[in-house]
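Asker: Here's a structure for you.
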Amino acid sequence: MTAIMAEELSSEQEKLIDKLNLFKIKGKDKRGRKILRIIGKYFPARSLSIDLLNKYLEKKVFPRLEERPFAIVYIHTEVRKSDNFPGFSVLRSVYDSIPINVKRNLEAVYFVHPDLQSRLFLATFGRFIFTGGLYGKLKYVSRLDYLWDQIRRNAIEIPEFVRDHDEDLEYRPMMDYGLESDHPRVYGAPAVDSPVAMYSMRCIS
């Protein structure tokens with residue numbers, strides 16, 4: 001009985017997710033693609049099951065992305081494993097649940113403010129975790145200025161805490177990597193050299 005209930009999305013739960021402002025479809029990038037903005041900090045990892053998340057996406061998000069190409073802007077600012085990060089296994093499960101007609105329209109994923117551990121993990125295991133070409137669509141965006149190269153400034157809303165973090169990066173130039181990709185063919189960006197052996201991946205798996 002409990003397992004069955006866990007698969008059902010109540011109207012109260014739906015309203016709660018709406019209120020979190022975790023997902024928002026608004027605006028277009030400079031290539032005319034619709035934008036799905038995802039704020040990682042707002043993800044209630046401790047209280048929202050993968051079943052409920054998939055039900056919500058199936059009902060409120062995927063139907064609006066079936067007809068035309070779109071891009072995802074995922075904002076990773078202030079995401080912490082203990083509070084609001086569900087883990088890459090959950091992200092893989094969500095990706096696998098996306099209908100094929102929606103996957104077909106996904107053309108780019110802008111990963112804003114990636115931390116070093118996420119970059120290392122994706123550089124090492126991304127090809128194996130995300131199938132169907134998603135890994136090749138991933139673009140790291142360390143600064144908002146580089147995001148505006150692809151998206152008009154007024155196209156999406158950026159929370160204040162994201163802007164504040166971006167300003168802090170002015171004082172940490174070593175973290176200012178710009179728009180990068182592990183795939184040199186994309187935008188002519190350089191590949192990421194990652195000394196993976198020096199870091200443990202256990203904390204983000």
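Chains: A, B, ... in order of the structure tokens. Residues: from 1 per chain. Ligands: from 1, in order shown.
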Would you pick out the contacts of A:Glu157 at 10 Å or less, using only C-alpha atoms, so that residues sharing its chain but fewer than 2 positions from it are not included, and give the list as a ChimeraX atom specification?
Answerer: /A:24,26-27,37,153-155,159-160
Asker: Write a file of the selected residues as a PDB file, in the first residue's frame, keeping all heavy atoms.
Answerer:
```pdb
ATOM      1  N   LYS A  24      11.171  25.887 -14.307  1.00  0.00           N
ATOM      2  CA  LYS A  24      10.463  26.990 -14.946  1.00  0.00           C
ATOM      3  C   LYS A  24      10.799  27.009 -16.433  1.00  0.00           C
ATOM      4  O   LYS A  24      11.966  26.998 -16.819  1.00  0.00           O
ATOM      5  CB  LYS A  24      10.850  28.325 -14.316  1.00  0.00           C
ATOM      6  CG  LYS A  24       9.983  29.494 -14.804  1.00  0.00           C
ATOM      7  CD  LYS A  24      10.171  30.717 -13.934  1.00  0.00           C
ATOM      8  CE  LYS A  24       9.197  31.816 -14.304  1.00  0.00           C
ATOM      9  NZ  LYS A  24       9.304  32.980 -13.394  1.00  0.00           N
ATOM     10  N   LYS A  26      10.596  29.229 -19.564  1.00  0.00           N
ATOM     11  CA  LYS A  26      10.370  30.613 -19.970  1.00  0.00           C
ATOM     12  C   LYS A  26      11.558  31.109 -20.783  1.00  0.00           C
ATOM     13  O   LYS A  26      12.701  30.824 -20.460  1.00  0.00           O
ATOM     14  CB  LYS A  26      10.174  31.522 -18.758  1.00  0.00           C
ATOM     15  CG  LYS A  26       9.848  32.962 -19.110  1.00  0.00           C
ATOM     16  CD  LYS A  26       9.639  33.813 -17.862  1.00  0.00           C
ATOM     17  CE  LYS A  26       9.310  35.254 -18.228  1.00  0.00           C
ATOM     18  NZ  LYS A  26       9.133  36.096 -17.024  1.00  0.00           N
ATOM     19  N   GLY A  27      11.259  31.861 -21.832  1.00  0.00           N
ATOM     20  CA  GLY A  27      12.289  32.484 -22.631  1.00  0.00           C
ATOM     21  C   GLY A  27      12.914  31.553 -23.663  1.00  0.00           C
ATOM     22  O   GLY A  27      12.597  30.365 -23.736  1.00  0.00           O
ATOM     23  N   ARG A  37      14.591  26.161 -17.093  1.00  0.00           N
ATOM     24  CA  ARG A  37      15.521  26.534 -16.033  1.00  0.00           C
ATOM     25  C   ARG A  37      15.288  25.654 -14.811  1.00  0.00           C
ATOM     26  O   ARG A  37      14.153  25.455 -14.380  1.00  0.00           O
ATOM     27  CB  ARG A  37      15.329  27.997 -15.642  1.00  0.00           C
ATOM     28  CG  ARG A  37      16.385  28.538 -14.686  1.00  0.00           C
ATOM     29  CD  ARG A  37      15.862  29.739 -13.924  1.00  0.00           C
ATOM     30  NE  ARG A  37      14.755  29.370 -13.036  1.00  0.00           N
ATOM     31  CZ  ARG A  37      14.089  30.232 -12.270  1.00  0.00           C
ATOM     32  NH1 ARG A  37      14.390  31.513 -12.308  1.00  0.00           N
ATOM     33  NH2 ARG A  37      13.103  29.829 -11.482  1.00  0.00           N
ATOM     34  N   ARG A 153      20.122  38.264 -21.595  1.00  0.00           N
ATOM     35  CA  ARG A 153      20.069  38.519 -20.158  1.00  0.00           C
ATOM     36  C   ARG A 153      18.655  38.551 -19.595  1.00  0.00           C
ATOM     37  O   ARG A 153      18.411  38.155 -18.460  1.00  0.00           O
ATOM     38  CB  ARG A 153      20.769  39.845 -19.835  1.00  0.00           C
ATOM     39  CG  ARG A 153      22.278  39.792 -20.009  1.00  0.00           C
ATOM     40  CD  ARG A 153      22.890  41.163 -19.794  1.00  0.00           C
ATOM     41  NE  ARG A 153      24.336  41.138 -19.961  1.00  0.00           N
ATOM     42  CZ  ARG A 153      25.202  40.966 -18.979  1.00  0.00           C
ATOM     43  NH1 ARG A 153      24.762  40.828 -17.740  1.00  0.00           N
ATOM     44  NH2 ARG A 153      26.502  40.954 -19.216  1.00  0.00           N
ATOM     45  N   ASN A 154      17.719  39.063 -20.358  1.00  0.00           N
ATOM     46  CA  ASN A 154      16.347  39.172 -19.854  1.00  0.00           C
ATOM     47  C   ASN A 154      15.486  37.965 -20.206  1.00  0.00           C
ATOM     48  O   ASN A 154      14.278  37.974 -19.998  1.00  0.00           O
ATOM     49  CB  ASN A 154      15.691  40.444 -20.390  1.00  0.00           C
ATOM     50  CG  ASN A 154      15.625  40.473 -21.911  1.00  0.00           C
ATOM     51  OD1 ASN A 154      16.176  39.603 -22.588  1.00  0.00           O
ATOM     52  ND2 ASN A 154      14.951  41.471 -22.460  1.00  0.00           N
ATOM     53  N   ALA A 155      16.109  36.902 -20.728  1.00  0.00           N
ATOM     54  CA  ALA A 155      15.332  35.736 -21.151  1.00  0.00           C
ATOM     55  C   ALA A 155      14.914  34.868 -19.972  1.00  0.00           C
ATOM     56  O   ALA A 155      13.855  34.239 -20.000  1.00  0.00           O
ATOM     57  CB  ALA A 155      16.125  34.900 -22.159  1.00  0.00           C
ATOM     58  N   PRO A 159      18.194  34.033  -9.699  1.00  0.00           N
ATOM     59  CA  PRO A 159      18.043  34.402  -8.280  1.00  0.00           C
ATOM     60  C   PRO A 159      19.209  35.251  -7.778  1.00  0.00           C
ATOM     61  O   PRO A 159      20.333  35.149  -8.277  1.00  0.00           O
ATOM     62  CB  PRO A 159      18.005  33.040  -7.571  1.00  0.00           C
ATOM     63  CG  PRO A 159      17.542  32.080  -8.620  1.00  0.00           C
ATOM     64  CD  PRO A 159      18.134  32.580  -9.906  1.00  0.00           C
ATOM     65  N   GLU A 160      18.939  36.052  -6.777  1.00  0.00           N
ATOM     66  CA  GLU A 160      19.950  36.964  -6.242  1.00  0.00           C
ATOM     67  C   GLU A 160      21.157  36.213  -5.689  1.00  0.00           C
ATOM     68  O   GLU A 160      22.302  36.662  -5.835  1.00  0.00           O
ATOM     69  CB  GLU A 160      19.327  37.832  -5.149  1.00  0.00           C
ATOM     70  CG  GLU A 160      20.202  38.997  -4.707  1.00  0.00           C
ATOM     71  CD  GLU A 160      20.440  40.008  -5.823  1.00  0.00           C
ATOM     72  OE1 GLU A 160      19.556  40.147  -6.702  1.00  0.00           O
ATOM     73  OE2 GLU A 160      21.508  40.651  -5.821  1.00  0.00           O
TER      74      GLU A 160
END
```
Asker: Could you tell me, as a count of residues only, which residues of stretch 30-171 of chain A DSSP assigns to strand (DSSP E or B) when given the backbone?
Answerer: 24
Asker: Could you please determine the separation between atom CA of A:Pro69 and atom CA of A:Gly32 in Å, to one decimal place?
Answerer: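 Atom CA of A:Pro69 sits 8.5 Å away from atom CA of A:Gly32.
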Asker: Considering only C-alpha atoms, state which residue in the set A:Phe125, A:His76, A:Lys28, A:His113 is at the smallest distance from A:Arg92.
Answerer: A:Phe125
Asker: Fewer than 6 positions away in the same chain doesn't count, so skip those; otherwise give me all residues within 8 Å of A:Pro114, counting only C-alpha atoms, as a PyMOL selection string.
Answerer: chain A and resi 76-77+140-142
Asker: Would you mind telling me which residue in A:Val90, A:Val112, A:Ile156, A:Lys15 lies nearest to A:Ile35 when using only C-alpha atoms?
Answerer: A:Ile156
Asker: Here is a test: counting only C-alpha atoms, which residue of A:Thr124, A:Val94, A:Glu14, A:Arg143 is nearest to A:Asn54?
Answerer: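 Ranked by minimum distance to A:Asn54, first place goes to A:Val94.
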Asker: When you look at A:Ile72 with a cut-off of 9 Å (counting only C-alpha atoms), what residues show up, excluding the ones that are within fewer than 3 positions of it in the same chain? I need them as a compact mmCIF listing (two decimals) with N, CA and C atoms, in the first residue's frame.
Answerer:
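What landed in part-v8.txt:
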```txt
# COMPACT_ATOMS: atom_id res chain seq x y z
N LYS A 34 13.55 27.01 -26.72
CA LYS A 34 12.87 27.22 -25.45
C LYS A 34 13.81 26.83 -24.32
N ILE A 35 13.67 27.50 -23.15
CA ILE A 35 14.56 27.26 -22.02
C ILE A 35 13.80 26.64 -20.84
N LEU A 36 14.34 25.53 -20.34
CA LEU A 36 13.88 24.95 -19.09
C LEU A 36 14.93 25.28 -18.04
N ARG A 37 14.59 26.16 -17.09
CA ARG A 37 15.52 26.53 -16.03
C ARG A 37 15.29 25.65 -14.81
N ILE A 38 16.38 25.11 -14.25
CA ILE A 38 16.30 24.27 -13.06
C ILE A 38 17.24 24.86 -12.00
N LEU A 106 15.93 17.92 -26.85
CA LEU A 106 16.91 18.53 -25.97
C LEU A 106 18.24 18.69 -26.71
N GLU A 107 18.68 19.93 -26.89
CA GLU A 107 19.87 20.19 -27.68
C GLU A 107 21.07 20.70 -26.89
N ALA A 108 20.85 21.22 -25.67
CA ALA A 108 21.98 21.73 -24.88
C ALA A 108 21.61 21.77 -23.41
N VAL A 109 22.61 21.51 -22.56
CA VAL A 109 22.45 21.63 -21.11
C VAL A 109 23.55 22.54 -20.60
N TYR A 110 23.18 23.72 -20.11
CA TYR A 110 24.14 24.67 -19.57
C TYR A 110 24.22 24.46 -18.07
N PHE A 111 25.38 24.00 -17.60
CA PHE A 111 25.61 23.66 -16.20
C PHE A 111 26.29 24.86 -15.55
```
